[in-house]
Amino acid sequence: MVPYLYGTDMPRAGFKSVTLKEETYRELEDTYRQEKEILAREGIGSLTAFVTRIVSSYLREREKTRLRHFNIYESVIRIQDSKIGRLVDVDYRNGEMFCSLCHSTECLHTGFAWGIYRQHHTSRQ
Ligand SMILES: [Zn+2]
C-alpha cells in the first residue's frame, strides 16, 4: 500500500505543491499568524491564501515592468519585452498600430505603443 501513502501527501485536485525550506515555511507561518486578523478582514483565511496573495502581487508587479519603450523611428515604435527577451516593433500605419511579433492590431504591445504615441504627441505640442 505504499502508493496509497504517497497519495495522501499529494495536493488536492486543482492544486500544485512547491517545496520550501523549513526555515522559509516557518517565516511565512509566523508572518501569517501575526497578521491573521488583518488578513481575515481582506478575505484571506489560510496560509495557502496568504502565499497565493504574495505570489500574485509579485507577478502583477513584474508584469507592470515587462514592457519598456526602446525608441521611435519614423512610424515604428520599438518596445523591449522582458518576458520574451526581445525587441518588438509596432508600426503605426493608417491610424492603427500593427505589432510585427503578434501580427495583430490588438495585443499587449500595440496597447503599450498607443500609450507611447499619445505621450509623444502631447509632449510635442
Ligand atoms: Zn504584440
# chains A, B, ... in the order shown; residues from 1 in each chain; ligands from 1
>>> residues_around(residues="stretch 26-41 of chain A", least_positions_apart="6", cutoff="9 Å", atoms="only C-alpha atoms", output="list in words")
Leu47, Phe50 and Val51 of chain A
>>> write_last_selection(atoms="N, CA and C atoms", output="compact mmCIF listing (two decimals), in the first residue's frame")
# COMPACT_ATOMS: atom_id res chain seq x y z
N LEU A 47 -3.12 29.90 5.26
CA LEU A 47 -1.73 30.10 4.86
C LEU A 47 -1.63 30.01 3.33
N PHE A 50 -2.73 33.18 1.84
CA PHE A 50 -1.72 34.19 2.12
C PHE A 50 -0.56 34.09 1.13
N VAL A 51 -0.07 32.87 0.90
CA VAL A 51 1.04 32.66 -0.04
C VAL A 51 0.59 33.02 -1.46
>>> residues_near_ligand(ligand="ligand 1", cutoff="8 Å", atoms="only C-alpha atoms and all ligand atoms", output="PyMOL selection string")
chain A and resi 88+90+98-110
>>> write_last_selection(atoms="C-alpha atoms", output="PDB file, in the first residue's frame")
ATOM      1  CA  VAL A  88       9.200  44.205 -30.709  1.00  0.00           C
ATOM      2  CA  VAL A  90       5.000  48.215 -33.600  1.00  0.00           C
ATOM      3  CA  PHE A  98       0.407  46.888 -36.002  1.00  0.00           C
ATOM      4  CA  CYS A  99       2.564  44.522 -33.965  1.00  0.00           C
ATOM      5  CA  SER A 100       5.226  42.733 -36.014  1.00  0.00           C
ATOM      6  CA  LEU A 101       5.506  39.973 -33.435  1.00  0.00           C
ATOM      7  CA  CYS A 102       1.842  39.108 -32.865  1.00  0.00           C
ATOM      8  CA  HIS A 103       0.726  40.175 -36.380  1.00  0.00           C
ATOM      9  CA  SER A 104      -2.084  41.981 -34.675  1.00  0.00           C
ATOM     10  CA  THR A 105      -3.507  45.451 -34.092  1.00  0.00           C
ATOM     11  CA  GLU A 106      -4.786  44.438 -30.667  1.00  0.00           C
ATOM     12  CA  CYS A 107      -2.168  42.940 -28.390  1.00  0.00           C
ATOM     13  CA  LEU A 108      -0.249  43.952 -25.287  1.00  0.00           C
ATOM     14  CA  HIS A 109       2.407  45.621 -27.469  1.00  0.00           C
ATOM     15  CA  THR A 110       0.027  47.749 -29.538  1.00  0.00           C
TER      16      THR A 110
END
>>> atom_distance(atom1="atom CA of A:Arg93", atom2="atom CA of A:His120")
16.1 Å
>>> closest_residue(among="A:Ala113, A:Glu63, A:Glu96, A:Ala49", to="A:Ile79", atoms="only C-alpha atoms")
A:Ala113
>>> select_by_dssp(residues="chain A", states="strand (DSSP E or B)", output="ChimeraX atom specification")
/A:67-73,76-81,86-93,96-99,104
>>> residues_around(residues="A:Gln80", least_positions_apart="4", cutoff="7 Å", atoms="only C-alpha atoms", output="ChimeraX atom specification")
/A:67-70,86-88
>>> residues_around(residues="A:Gly95", least_positions_apart="5", cutoff="12 Å", atoms="only C-alpha atoms", output="ChimeraX atom specification")
/A:75,105,114,117
>>> select_by_dssp(residues="stretch 2-46 of chain A", states="alpha helix (DSSP H)", output="PyMOL selection string")
chain A and resi 2-8+22-41
>>> closest_residue(among="A:Arg12, A:Ser46, A:Asn94, A:Asp81", to="A:Thr65", atoms="only C-alpha atoms")
A:Asp81
>>> atom_distance(atom1="atom CA of A:Arg66", atom2="atom CA of A:His121")
23.2 Å
>>> decode(residues="stretch 20-111 of chain A", atoms="C-alpha atoms", output="PDB file, in the first residue's frame")
ATOM      1  CA  LEU A  20      10.128  25.260   0.666  1.00  0.00           C
ATOM      2  CA  LYS A  21      12.955  25.140   3.145  1.00  0.00           C
ATOM      3  CA  GLU A  22      11.619  24.636   6.678  1.00  0.00           C
ATOM      4  CA  GLU A  23      13.060  27.997   7.680  1.00  0.00           C
ATOM      5  CA  THR A  24      11.190  29.814   4.904  1.00  0.00           C
ATOM      6  CA  TYR A  25       7.991  27.929   5.685  1.00  0.00           C
ATOM      7  CA  ARG A  26       8.226  28.878   9.377  1.00  0.00           C
ATOM      8  CA  GLU A  27       8.857  32.501   8.471  1.00  0.00           C
ATOM      9  CA  LEU A  28       5.749  32.509   6.289  1.00  0.00           C
ATOM     10  CA  GLU A  29       3.718  30.813   9.006  1.00  0.00           C
ATOM     11  CA  ASP A  30       4.897  33.308  11.656  1.00  0.00           C
ATOM     12  CA  THR A  31       4.082  36.268   9.438  1.00  0.00           C
ATOM     13  CA  TYR A  32       0.663  34.814   8.652  1.00  0.00           C
ATOM     14  CA  ARG A  33      -0.036  34.232  12.350  1.00  0.00           C
ATOM     15  CA  GLN A  34       0.993  37.804  13.228  1.00  0.00           C
ATOM     16  CA  GLU A  35      -1.216  39.347  10.549  1.00  0.00           C
ATOM     17  CA  LYS A  36      -4.029  36.828  10.721  1.00  0.00           C
ATOM     18  CA  GLU A  37      -6.733  39.242  11.879  1.00  0.00           C
ATOM     19  CA  ILE A  38      -5.908  41.924   9.301  1.00  0.00           C
ATOM     20  CA  LEU A  39      -5.689  39.301   6.556  1.00  0.00           C
ATOM     21  CA  ALA A  40      -9.020  37.757   7.579  1.00  0.00           C
ATOM     22  CA  ARG A  41     -10.668  41.158   7.003  1.00  0.00           C
ATOM     23  CA  GLU A  42      -9.258  41.070   3.466  1.00  0.00           C
ATOM     24  CA  GLY A  43     -10.748  37.616   2.914  1.00  0.00           C
ATOM     25  CA  ILE A  44      -7.517  35.710   3.444  1.00  0.00           C
ATOM     26  CA  GLY A  45      -8.263  32.883   5.804  1.00  0.00           C
ATOM     27  CA  SER A  46      -5.471  30.375   5.301  1.00  0.00           C
ATOM     28  CA  LEU A  47      -1.735  30.104   4.856  1.00  0.00           C
ATOM     29  CA  THR A  48      -2.383  28.926   1.279  1.00  0.00           C
ATOM     30  CA  ALA A  49      -4.438  32.052   0.534  1.00  0.00           C
ATOM     31  CA  PHE A  50      -1.718  34.188   2.122  1.00  0.00           C
ATOM     32  CA  VAL A  51       1.036  32.662  -0.036  1.00  0.00           C
ATOM     33  CA  THR A  52      -1.197  32.985  -3.119  1.00  0.00           C
ATOM     34  CA  ARG A  53      -1.618  36.710  -2.339  1.00  0.00           C
ATOM     35  CA  ILE A  54       2.159  37.211  -2.033  1.00  0.00           C
ATOM     36  CA  VAL A  55       2.927  35.393  -5.271  1.00  0.00           C
ATOM     37  CA  SER A  56       0.119  37.094  -7.219  1.00  0.00           C
ATOM     38  CA  SER A  57       1.174  40.568  -6.169  1.00  0.00           C
ATOM     39  CA  TYR A  58       4.779  39.808  -7.142  1.00  0.00           C
ATOM     40  CA  LEU A  59       3.682  38.599 -10.575  1.00  0.00           C
ATOM     41  CA  ARG A  60       1.433  41.643 -11.091  1.00  0.00           C
ATOM     42  CA  GLU A  61       4.285  43.997 -10.223  1.00  0.00           C
ATOM     43  CA  ARG A  62       6.577  42.144 -12.582  1.00  0.00           C
ATOM     44  CA  GLU A  63       4.051  42.399 -15.405  1.00  0.00           C
ATOM     45  CA  LYS A  64       3.938  46.193 -14.925  1.00  0.00           C
ATOM     46  CA  THR A  65       7.619  46.489 -15.778  1.00  0.00           C
ATOM     47  CA  ARG A  66       7.517  43.890 -18.561  1.00  0.00           C
ATOM     48  CA  LEU A  67       7.393  46.390 -21.420  1.00  0.00           C
ATOM     49  CA  ARG A  68       9.777  49.283 -21.887  1.00  0.00           C
ATOM     50  CA  HIS A  69       9.874  51.863 -24.601  1.00  0.00           C
ATOM     51  CA  PHE A  70      13.080  51.452 -26.595  1.00  0.00           C
ATOM     52  CA  ASN A  71      12.837  54.078 -29.331  1.00  0.00           C
ATOM     53  CA  ILE A  72      10.725  55.658 -32.050  1.00  0.00           C
ATOM     54  CA  TYR A  73      11.954  55.634 -35.609  1.00  0.00           C
ATOM     55  CA  GLU A  74       9.699  57.234 -38.218  1.00  0.00           C
ATOM     56  CA  SER A  75       6.473  55.271 -37.858  1.00  0.00           C
ATOM     57  CA  VAL A  76       7.938  52.427 -35.783  1.00  0.00           C
ATOM     58  CA  ILE A  77       7.734  52.254 -32.026  1.00  0.00           C
ATOM     59  CA  ARG A  78      10.272  49.774 -30.699  1.00  0.00           C
ATOM     60  CA  ILE A  79       9.474  48.080 -27.407  1.00  0.00           C
ATOM     61  CA  GLN A  80      11.604  45.865 -25.188  1.00  0.00           C
ATOM     62  CA  ASP A  81       9.554  42.898 -23.948  1.00  0.00           C
ATOM     63  CA  SER A  82      11.457  41.464 -20.985  1.00  0.00           C
ATOM     64  CA  LYS A  83       9.180  38.432 -20.643  1.00  0.00           C
ATOM     65  CA  ILE A  84      10.200  37.062 -24.033  1.00  0.00           C
ATOM     66  CA  GLY A  85      13.583  38.852 -24.078  1.00  0.00           C
ATOM     67  CA  ARG A  86      13.001  40.518 -27.441  1.00  0.00           C
ATOM     68  CA  LEU A  87      12.621  43.873 -29.112  1.00  0.00           C
ATOM     69  CA  VAL A  88       9.200  44.205 -30.709  1.00  0.00           C
ATOM     70  CA  ASP A  89       8.441  46.670 -33.495  1.00  0.00           C
ATOM     71  CA  VAL A  90       5.000  48.215 -33.600  1.00  0.00           C
ATOM     72  CA  ASP A  91       4.230  50.008 -36.854  1.00  0.00           C
ATOM     73  CA  TYR A  92       1.873  52.979 -36.921  1.00  0.00           C
ATOM     74  CA  ARG A  93       0.009  52.877 -40.216  1.00  0.00           C
ATOM     75  CA  ASN A  94      -3.384  54.102 -41.416  1.00  0.00           C
ATOM     76  CA  GLY A  95      -4.336  55.208 -37.922  1.00  0.00           C
ATOM     77  CA  GLU A  96      -3.617  51.765 -36.460  1.00  0.00           C
ATOM     78  CA  MET A  97      -0.817  50.149 -34.531  1.00  0.00           C
ATOM     79  CA  PHE A  98       0.407  46.888 -36.002  1.00  0.00           C
ATOM     80  CA  CYS A  99       2.564  44.522 -33.965  1.00  0.00           C
ATOM     81  CA  SER A 100       5.226  42.733 -36.014  1.00  0.00           C
ATOM     82  CA  LEU A 101       5.506  39.973 -33.435  1.00  0.00           C
ATOM     83  CA  CYS A 102       1.842  39.108 -32.865  1.00  0.00           C
ATOM     84  CA  HIS A 103       0.726  40.175 -36.380  1.00  0.00           C
ATOM     85  CA  SER A 104      -2.084  41.981 -34.675  1.00  0.00           C
ATOM     86  CA  THR A 105      -3.507  45.451 -34.092  1.00  0.00           C
ATOM     87  CA  GLU A 106      -4.786  44.438 -30.667  1.00  0.00           C
ATOM     88  CA  CYS A 107      -2.168  42.940 -28.390  1.00  0.00           C
ATOM     89  CA  LEU A 108      -0.249  43.952 -25.287  1.00  0.00           C
ATOM     90  CA  HIS A 109       2.407  45.621 -27.469  1.00  0.00           C
ATOM     91  CA  THR A 110       0.027  47.749 -29.538  1.00  0.00           C
ATOM     92  CA  GLY A 111      -1.720  48.878 -26.338  1.00  0.00           C
TER      93      GLY A 111
END
